[in-house]
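File shown: data-v5.txt (compact mmCIF, C-alpha atoms).
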# COMPACT_ATOMS: atom_id res chain seq x y z
CA MET A 1 11.10 -4.05 12.80
CA LEU A 2 9.09 -5.02 9.76
CA GLY A 3 11.01 -3.31 7.02
CA ARG A 4 14.58 -3.47 8.34
CA SER A 5 16.60 -6.16 9.99
CA GLY A 6 16.86 -4.11 13.17
CA ALA A 7 19.86 -6.15 14.38
CA ILE A 8 21.26 -4.24 17.34
CA ARG A 9 24.77 -5.06 18.46
CA LEU A 10 25.94 -4.03 21.91
CA SER A 11 28.82 -5.21 24.08
CA ALA A 12 29.68 -8.87 23.56
CA ARG A 13 28.81 -11.42 26.20
CA ALA A 14 29.96 -15.00 26.75
CA ILE A 15 28.64 -17.34 24.09
CA GLY A 16 27.53 -19.70 26.84
CA ARG A 17 24.45 -17.53 27.40
CA VAL A 18 23.07 -18.64 24.06
CA LYS A 19 22.74 -22.19 22.84
CA VAL A 20 24.07 -22.26 19.29
CA CYS A 21 23.63 -25.19 16.96
CA ARG A 22 23.79 -26.40 13.40
CA SER A 23 21.43 -28.87 11.80
CA PRO A 24 19.85 -29.95 8.54
CA LEU A 25 16.59 -28.29 7.61
CA LEU A 26 13.96 -29.54 10.00
CA GLY A 27 11.40 -30.91 7.61
CA HIS A 28 11.80 -29.16 4.25
CA PRO A 29 12.68 -32.06 1.96
CA ARG A 30 13.64 -30.02 -1.12
CA THR A 31 16.49 -28.22 0.56
CA GLN A 32 18.06 -30.77 2.87
CA ALA A 33 21.76 -30.11 3.34
CA ILE A 34 23.65 -32.35 5.72
CA GLY A 35 27.39 -32.13 6.06
CA ARG A 36 30.22 -31.85 8.52
CA ALA A 37 30.30 -28.56 10.39
CA ARG A 38 33.49 -26.60 9.72
CA ILE A 39 34.48 -24.38 12.60
CA GLU A 40 36.41 -21.24 11.70
CA PRO A 41 37.53 -19.32 14.81
CA ALA A 42 37.18 -15.55 14.70
CA GLN A 43 40.36 -13.46 14.71
CA PRO A 44 42.42 -13.29 16.82
CA GLN A 45 42.59 -17.05 17.16
CA PRO A 46 42.20 -18.34 20.73
CA SER A 47 44.79 -20.42 22.48
CA ALA A 48 44.60 -24.21 22.16
CA ALA A 49 43.00 -24.48 25.59
CA GLY A 50 40.54 -21.69 24.81
CA LEU A 51 39.59 -23.23 21.46
CA GLN A 52 39.00 -26.62 23.06
CA SER A 53 36.72 -25.01 25.64
CA LEU A 54 34.82 -23.12 22.94
CA LEU A 55 34.32 -26.19 20.77
CA GLY A 56 33.22 -28.35 23.69
CA SER A 57 30.54 -25.94 24.90
CA THR A 58 29.32 -25.30 21.37
CA MET A 59 28.90 -28.98 20.52
CA ARG A 60 26.94 -29.58 23.72
CA SER A 61 24.74 -26.61 22.89
CA THR A 62 24.26 -27.87 19.35
CA TRP A 63 22.30 -30.89 20.41
CA ASN A 64 20.51 -29.09 23.20
CA CYS A 65 19.15 -26.64 20.64
CA LEU A 66 18.19 -29.39 18.27
CA LEU A 67 16.36 -31.29 21.01
CA GLU A 68 14.00 -28.32 21.42
CA ASN A 69 12.47 -29.43 18.10
CA LEU A 70 11.93 -33.06 19.06
CA GLY A 71 8.41 -34.43 18.87
CA GLU A 72 5.67 -35.13 16.38
CA TRP A 73 4.54 -31.92 14.72
CA ARG A 74 1.25 -31.96 12.80
CA GLY A 75 0.26 -29.15 10.51
CA SER A 76 0.60 -28.30 6.83
CA PHE A 77 3.03 -27.28 4.11
CA ALA A 78 1.50 -24.38 2.17
CA THR A 79 2.94 -22.69 -0.90
CA VAL A 80 2.16 -19.00 -1.25
CA ASP A 81 2.94 -16.64 -4.12
CA GLU A 82 4.43 -13.17 -3.68
CA GLN A 83 0.95 -11.61 -3.48
CA GLY A 84 -0.07 -13.89 -0.61
CA GLN A 85 -2.27 -16.19 -2.71
CA VAL A 86 -2.25 -19.77 -1.38
CA LEU A 87 -1.32 -22.15 -4.19
CA SER A 88 -1.47 -25.39 -2.19
CA ASP A 89 -1.86 -26.51 1.40
CA ASP A 90 -0.96 -30.12 2.18
CA PRO A 91 -1.38 -31.71 5.63
CA SER A 92 1.93 -32.89 7.07
CA ILE A 93 3.52 -34.75 9.96
CA THR A 94 7.15 -34.05 10.85
CA SER A 95 8.62 -36.35 13.49
CA LEU A 96 12.00 -35.88 15.15
CA GLU A 97 13.28 -38.49 17.59
CA SER A 98 16.66 -38.99 19.24
CA SER A 99 18.57 -42.18 20.01
CA ASP A 100 22.00 -43.26 21.18
CA GLY A 101 21.80 -41.00 24.19
CA GLY A 102 20.77 -38.05 22.10
CA LYS A 103 23.69 -38.35 19.66
CA THR A 104 21.56 -39.33 16.67
CA ILE A 105 18.43 -37.73 15.24
CA HIS A 106 15.82 -39.63 13.24
CA GLN A 107 13.57 -37.41 11.16
CA ARG A 108 10.51 -38.38 9.15
CA VAL A 109 8.46 -35.97 7.03
CA ARG A 110 5.10 -37.13 5.65
CA LYS A 111 2.82 -35.08 3.43
CA PHE A 112 -0.78 -36.03 2.67
CA ALA A 113 -3.38 -35.08 0.10
CA PRO A 114 -5.87 -32.49 1.40
CA THR A 115 -9.22 -33.93 2.44
CA ALA A 116 -12.48 -32.68 0.97
CA ASP A 117 -13.83 -31.68 4.40
CA ARG A 118 -10.53 -30.01 5.39
CA TYR A 119 -10.15 -32.24 8.41
CA PHE A 120 -6.68 -33.59 9.16
CA PRO A 121 -6.26 -37.05 7.57
CA ASP A 122 -5.89 -40.14 9.72
CA PRO A 123 -2.24 -41.23 9.30
CA GLN A 124 -3.25 -44.80 10.15
CA THR A 125 -5.43 -45.09 7.07
CA ALA A 126 -4.38 -42.30 4.69
CA PRO A 127 -1.25 -43.09 2.67
CA PRO A 128 1.23 -40.19 2.47
CA THR A 129 1.88 -38.60 -0.91
CA LYS A 130 5.51 -38.06 0.18
CA ASP A 131 7.49 -39.87 2.85
CA LEU A 132 11.04 -38.75 3.66
CA ASN A 133 13.26 -40.43 6.24
CA LEU A 134 16.58 -39.05 7.46
CA THR A 135 19.07 -40.10 10.11
CA TYR A 136 21.96 -37.86 11.06
CA SER A 137 24.55 -37.28 13.76
CA GLU A 138 26.44 -34.47 12.01
CA VAL A 139 25.10 -31.20 10.76
CA GLY A 140 25.71 -28.58 8.07
CA ARG A 141 27.51 -25.24 7.99
CA GLY A 142 24.49 -23.14 7.10
CA PHE A 143 22.59 -23.70 10.35
CA LEU A 144 22.39 -21.68 13.57
CA ALA A 145 19.85 -21.84 16.37
CA LEU A 146 19.04 -20.33 19.74
CA GLU A 147 17.87 -21.71 23.05
CA THR A 148 14.16 -21.33 22.25
CA GLY A 149 14.67 -23.80 19.40
CA ALA A 150 14.41 -21.03 16.79
CA PHE A 151 16.68 -21.89 13.89
CA SER A 152 17.69 -21.01 10.37
CA GLN A 153 19.24 -23.14 7.66
CA GLY A 154 20.15 -21.87 4.22
CA SER A 155 22.61 -20.38 1.80
CA ILE A 156 25.95 -19.27 3.21
CA GLN A 157 26.75 -17.17 0.12
CA LEU A 158 24.79 -15.23 -2.48
CA ALA A 159 26.39 -16.15 -5.80
CA PRO A 160 25.61 -15.71 -9.52
CA PHE A 161 23.71 -18.50 -11.29
CA ALA A 162 22.83 -20.28 -8.05
CA GLU A 163 19.64 -20.63 -6.07
CA PHE A 164 19.56 -18.59 -2.88
CA GLY A 165 17.40 -18.73 0.22
CA ALA A 166 16.81 -20.07 3.69
CA GLU A 167 14.38 -21.66 6.09
CA LEU A 168 13.56 -19.72 9.26
CA GLY A 169 11.82 -21.50 12.11
CA LEU A 170 10.29 -20.10 15.31
CA VAL A 171 9.33 -22.35 18.22
CA ALA A 172 6.84 -21.55 20.98
CA ARG A 173 5.95 -25.01 22.23
CA PRO A 174 3.49 -26.54 21.66
CA TYR A 175 3.48 -24.55 18.39
CA ARG A 176 6.05 -24.08 15.66
CA SER A 177 6.05 -21.84 12.57
CA ARG A 178 8.48 -22.03 9.67
CA LEU A 179 9.05 -20.15 6.43
CA VAL A 180 11.17 -21.04 3.41
CA ILE A 181 12.13 -18.07 1.22
CA ARG A 182 13.98 -18.89 -2.02
CA TYR A 183 15.14 -17.24 -5.24
CA ASP A 184 15.87 -19.13 -8.45
CA ARG A 185 19.08 -18.96 -10.51
CA ASP A 186 17.78 -15.85 -12.27
CA ARG A 187 17.21 -14.12 -8.88
CA HIS A 188 13.42 -14.34 -9.16
CA LEU A 189 11.45 -14.98 -5.99
CA MET A 190 9.97 -18.48 -5.90
CA PRO A 191 6.70 -19.33 -4.09
CA LEU A 192 7.18 -19.27 -0.34
CA THR A 193 6.71 -22.37 1.77
CA VAL A 194 4.74 -21.70 4.96
CA ILE A 195 4.69 -24.46 7.60
CA ARG A 196 2.38 -24.14 10.61
CA GLU A 197 2.55 -26.94 13.16
CA GLY A 198 1.29 -28.06 16.55
CA LEU A 199 2.84 -30.65 18.83
CA HIS A 200 0.85 -33.90 18.85
CA PRO A 201 -1.12 -34.78 20.95
CA GLU A 202 -1.14 -31.46 22.85
CA VAL A 203 -2.54 -29.50 19.91
CA PRO A 204 -5.53 -30.88 17.97
CA PRO A 205 -4.65 -30.89 14.26
CA GLY A 206 -6.49 -28.46 12.06
CA LEU A 207 -6.03 -26.43 8.93
CA GLY A 208 -8.14 -23.40 9.85
CA HIS A 209 -6.62 -19.95 10.32
CA THR A 210 -7.25 -17.87 13.44
CA LEU A 211 -5.86 -14.52 12.24
CA THR A 212 -6.09 -13.01 8.77
CA PRO A 213 -3.36 -10.81 7.24
CA ALA A 214 -5.61 -7.73 7.56
CA GLU A 215 -6.19 -8.47 11.25
CA LEU A 216 -2.45 -8.96 11.73
CA LEU A 217 -1.75 -5.53 10.28
CA ASP A 218 -4.22 -3.95 12.71
CA GLN A 219 -2.69 -5.78 15.68
CA LEU A 220 0.86 -4.72 14.86
CA SER A 221 0.05 -1.05 15.37
CA GLY A 222 1.38 0.37 18.62
CA GLN A 223 4.58 0.47 20.67
CA TRP A 224 6.75 -2.62 21.16
CA ALA A 225 9.74 -3.10 23.48
CA GLY A 226 12.27 -5.51 22.01
CA GLU A 227 15.19 -7.58 23.21
CA SER A 228 17.54 -9.08 20.64
CA VAL A 229 20.28 -11.68 20.64
CA THR A 230 22.55 -12.18 17.65
CA VAL A 231 24.72 -15.21 16.99
CA TYR A 232 27.34 -15.60 14.29
CA PRO A 233 28.48 -18.43 11.99
CA ASP A 234 32.15 -17.62 12.71
CA PHE A 235 31.62 -18.28 16.44
CA GLN A 236 32.39 -14.77 17.62
CA PRO A 237 30.65 -13.98 20.93
CA ALA A 238 26.92 -13.35 20.85
CA SER A 239 25.68 -9.76 21.10
CA TYR A 240 22.59 -8.36 22.79
CA GLY A 241 20.42 -5.29 22.39
CA LYS A 242 17.24 -3.50 23.42
CA SER A 243 14.96 -1.42 21.27
CA GLN A 244 11.59 0.28 21.03
CA LEU A 245 9.50 0.03 17.87
CA THR A 246 6.46 2.18 17.09
CA MET A 247 4.17 1.31 14.17
CA THR A 248 1.37 3.60 13.03
CA ARG A 249 -0.99 3.22 10.10
CA SER A 250 -2.12 6.25 8.12
CA GLY A 251 -4.32 5.36 5.16
CA ASP A 252 -2.30 3.17 2.82
CA GLN A 253 0.96 3.97 4.63
CA LEU A 254 2.59 2.19 7.58
CA LEU A 255 5.04 4.38 9.50
CA GLN A 256 7.76 2.85 11.66
CA THR A 257 10.14 4.36 14.18
CA LEU A 258 12.88 2.20 15.70
CA GLU A 259 14.86 3.51 18.66
CA PHE A 260 17.97 1.84 20.02
CA GLY A 261 20.76 3.40 22.02
CA ASP A 262 21.01 7.02 20.88
CA GLN A 263 19.82 6.26 17.35
CA THR A 264 16.39 6.61 15.75
CA LEU A 265 15.44 5.11 12.38
CA THR A 266 12.23 6.06 10.60
CA SER A 267 10.77 4.29 7.56
CA ALA A 268 7.50 4.10 5.66
CA ALA A 269 5.82 1.34 3.69
CA THR A 270 3.01 1.41 1.17
CA ILE A 271 0.26 -1.08 1.93
CA ARG A 272 -0.74 -3.03 -1.18
CA GLY A 273 -3.14 -5.81 -0.29
CA ASP A 274 -1.25 -8.19 2.01
CA ARG A 275 2.10 -6.63 1.09
CA LEU A 276 4.06 -3.85 2.73
CA GLU A 277 6.53 -2.28 0.30
CA PHE A 278 9.43 -0.32 1.78
CA ALA A 279 10.80 1.59 -1.22
CA ALA A 280 13.73 3.15 0.65
CA GLY A 281 15.14 -0.18 1.78
CA LYS A 282 13.90 -2.16 -1.23
CA VAL A 283 12.21 -4.61 1.14
CA THR A 284 8.85 -6.36 0.84
CA VAL A 285 6.92 -7.71 3.83
CA LEU A 286 4.24 -10.29 3.06
CA LEU A 287 1.55 -10.65 5.75
CA LEU A 288 0.30 -14.22 6.15
CA ALA A 289 -2.40 -16.05 8.06
CA ASP A 290 -2.04 -16.99 11.73
CA GLY A 291 0.11 -13.98 12.63
CA LEU A 292 3.04 -14.82 10.34
CA SER A 293 4.98 -12.47 8.11
CA ALA A 294 7.86 -12.89 5.67
CA SER A 295 10.36 -10.13 4.84
CA PHE A 296 12.68 -10.35 1.85
CA PRO A 297 14.42 -8.17 -0.76
CA SER A 298 12.06 -6.77 -3.37
CA HIS A 299 14.92 -7.29 -5.84
CA LEU A 300 17.91 -9.52 -5.21
CA ASP A 301 20.96 -7.35 -5.92
CA PHE A 302 24.63 -8.17 -5.67
CA ARG A 303 26.94 -5.84 -3.72
CA ARG A 304 24.10 -4.85 -1.41
CA SER A 305 23.54 -6.16 2.13
CA LEU A 306 20.25 -7.97 2.65
CA PHE A 307 18.23 -9.97 5.12
CA LEU A 308 15.53 -12.62 5.23
CA GLU A 309 13.07 -12.46 8.11
CA ALA A 310 10.25 -14.51 9.60
CA GLY A 311 7.87 -12.77 12.01
CA TRP A 312 5.25 -14.37 14.26
CA LEU A 313 2.64 -12.71 16.45
CA ILE A 314 2.51 -15.52 19.00
CA GLU A 315 0.07 -13.73 21.30
CA PRO A 316 -1.66 -10.35 21.02
CA ASN A 317 1.12 -8.75 23.07
CA LEU A 318 4.06 -10.99 22.14
CA ARG A 319 5.90 -11.16 18.84
CA GLN A 320 9.14 -12.76 17.68
CA ARG A 321 11.23 -12.15 14.58
CA LEU A 322 14.10 -14.22 13.24
CA ILE A 323 16.47 -12.39 10.90
CA ARG A 324 19.18 -13.95 8.72
CA ARG A 325 21.60 -11.25 7.52
CA TYR A 326 24.06 -11.14 4.62
CA SER A 327 26.86 -8.64 3.96
CA ASP A 328 27.29 -6.53 0.83
CA ARG A 329 29.64 -9.28 -0.39
CA GLY A 330 26.84 -11.80 -0.16
CA GLU A 331 28.26 -13.63 2.85
CA TRP A 332 25.99 -14.93 5.59
CA VAL A 333 27.10 -13.02 8.68
CA ALA A 334 24.53 -13.34 11.49
CA LEU A 335 21.25 -14.66 12.84
CA THR A 336 19.19 -12.44 15.14
CA LEU A 337 16.19 -13.34 17.29
CA VAL A 338 14.10 -10.37 18.43
CA THR A 339 11.43 -10.82 21.10
CA GLU A 340 9.00 -7.91 21.30
CA ARG A 341 6.34 -7.16 23.90
CA ARG A 342 3.61 -4.60 23.43
CA LEU A 343 3.83 -1.43 25.51
CA ALA A 344 0.76 0.34 24.13
CA GLN A 345 -1.83 -0.13 21.36
What does the file become when written as structure tokens?
Amino acid sequence: MLGRSGAIRLSARAIGRVKVCRSPLLGHPRTQAIGRARIEPAQPQPSAAGLQSLLGSTMRSTWNCLLENLGEWRGSFATVDEQGQVLSDDPSITSLESSDGGKTIHQRVRKFAPTADRYFPDPQTAPPTKDLNLTYSEVGRGFLALETGAFSQGSIQLAPFAEFGAELGLVARPYRSRLVIRYDRDRHLMPLTVIREGLHPEVPPGLGHTLTPAELLDQLSGQWAGESVTVYPDFQPASYGKSQLTMTRSGDQLLQTLEFGDQTLTSAATIRGDRLEFAAGKVTVLLLADGLSASFPSHLDFRRSLFLEAGWLIEPNLRQRLIRRYSDRGEWVALTLVTERRLAQ
């Protein structure tokens, strides 16, 4: 759902159905956070044997998830203001390689100056403007991922006088799309970072856009059947859900109806340029090029639950959304991946 998190929690299933992992940010050098993962079992605490089993399967899944992002990804780091205006767009190469039997990850992020003809620069001859190298075998608390390779790394707590935000990455090999949404210490939205990448050499590098924000809005209209999986930083079992979302445009209004279980939620957004403004939920959706969208609070308020969301129209009839949710106490509580398939236009 564009204007709400739409996280649907049904009966819990075994966590083994979902690969869960923690990692540093995969290629955003300004917000790298690497540390030892601290595992806090959900209440009631499992037995010693049960805890050992849980930790063992989770650690194996950690690296399996991370390996879904291995490869050399070529694309660009773009900064975009809250109106959708592109402020900069720098070609980039993010490489992730494993060694020591997959126990260590080597990451290199290179950014280049844009070329006058907009062709991707030759990394053999063009010197990078930034070159970051990282090696790690442990990962931070603020990361969760799912078996597709989709991941999110970011703040674990909304707090006064501190920056707040997260990176959300969606993977549909050989493509990958990532968004970084951040607020400064005064709770003002900072320019978004939009990272579009293709796996080299399968995808020819290029900086052109195949879908405009206006075209994305048109393509989102219709009925969508969704399946969701939610994972939790406290290692409680994953939860699953199904939903149906209907989006209809009427003039400068976008109407949404979300059905799940025996509940129906209806909301409306005002269309202002490339922005969808949901007044009732105090949520803004920014439509971006190449089928991407970013959802975030219009105003960052304490004592109010919130979510950050990255959406990606991967194909005309296939869309994914990754939602990072926080409680009304500002605590990071869940990460949800929703996969939606079109039922009707």
Point to revise | Selection: 8 Å around region 91-108 of chain A, only C-alpha atoms, excl. self and same-chain fewer than 5 positions, as a ChimeraX atom specification | key: /A:26-27,63,67,69-77,113-114,120-121,131-137,207
Review point. Taking all atoms listed in the file into account, which of A:Ala238, A:Ala269, A:Leu287, A:Cys65 comes nearest Asp252 (chain A)?
Key: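 Of A:Ala238, A:Ala269, A:Leu287, A:Cys65, the one nearest Asp252 (chain A) is A:Ala269, counting all atoms listed in the file.
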Check your understanding: Between A:Leu288, A:Ile195, A:Val333, A:Ile181, which has the minimum distance to Gly311 (chain A) (counting all atoms listed in the file)?
Key ->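 With all atoms listed in the file as the atom set, the closest residue is A:Leu288.
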Check your understanding: Mind pulling up the distance from CA of Arg118 (chain A) to CA of Ser295 (chain A)?
Key ->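 Interatomic distance here is 28.8 Å.
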Point to revise | Contact residues around Val229 (chain A) with only C-alpha atoms at 6 Å, ignoring same-chain residues under 3 positions, as JSON, numbers by chain | key: {"A": [239, 240, 336, 337]}
Name the residues, using the chain letters and numbers of the file, that sit within 10 Å of (3.7, 0.9, 14.4) when counting all atoms listed in the file, and give them as an mmCIF file with C-alpha atoms, keeping the file's coordinate frame.
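Final output, point-v3.cif:
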data_model
loop_
_atom_site.group_PDB
_atom_site.id
_atom_site.type_symbol
_atom_site.label_atom_id
_atom_site.label_comp_id
_atom_site.auth_asym_id
_atom_site.auth_seq_id
_atom_site.Cartn_x
_atom_site.Cartn_y
_atom_site.Cartn_z
ATOM 1 C CA MET A 1 11.100 -4.050 12.800
ATOM 2 C CA LEU A 2 9.090 -5.020 9.760
ATOM 3 C CA LEU A 217 -1.750 -5.530 10.280
ATOM 4 C CA ASP A 218 -4.220 -3.950 12.710
ATOM 5 C CA GLN A 219 -2.690 -5.780 15.680
ATOM 6 C CA LEU A 220 0.860 -4.720 14.860
ATOM 7 C CA SER A 221 0.050 -1.050 15.370
ATOM 8 C CA GLY A 222 1.380 0.370 18.620
ATOM 9 C CA GLN A 223 4.580 0.470 20.670
ATOM 10 C CA TRP A 224 6.750 -2.620 21.160
ATOM 11 C CA LEU A 245 9.500 0.030 17.870
ATOM 12 C CA THR A 246 6.460 2.180 17.090
ATOM 13 C CA MET A 247 4.170 1.310 14.170
ATOM 14 C CA THR A 248 1.370 3.600 13.030
ATOM 15 C CA ARG A 249 -0.990 3.220 10.100
ATOM 16 C CA LEU A 254 2.590 2.190 7.580
ATOM 17 C CA LEU A 255 5.040 4.380 9.500
ATOM 18 C CA GLN A 256 7.760 2.850 11.660
ATOM 19 C CA THR A 257 10.140 4.360 14.180
ATOM 20 C CA LEU A 258 12.880 2.200 15.700
ATOM 21 C CA GLN A 345 -1.830 -0.130 21.360
#
Check your understanding: Residues at most 12 Å from Val283 (chain A), counting only C-alpha atoms, excluding those fewer than 2 positions away in the same chain, as an MDAnalysis selection string?
Key -> chainID A and resid 1:5 267:270 275:281 285:286 294:301 305:309
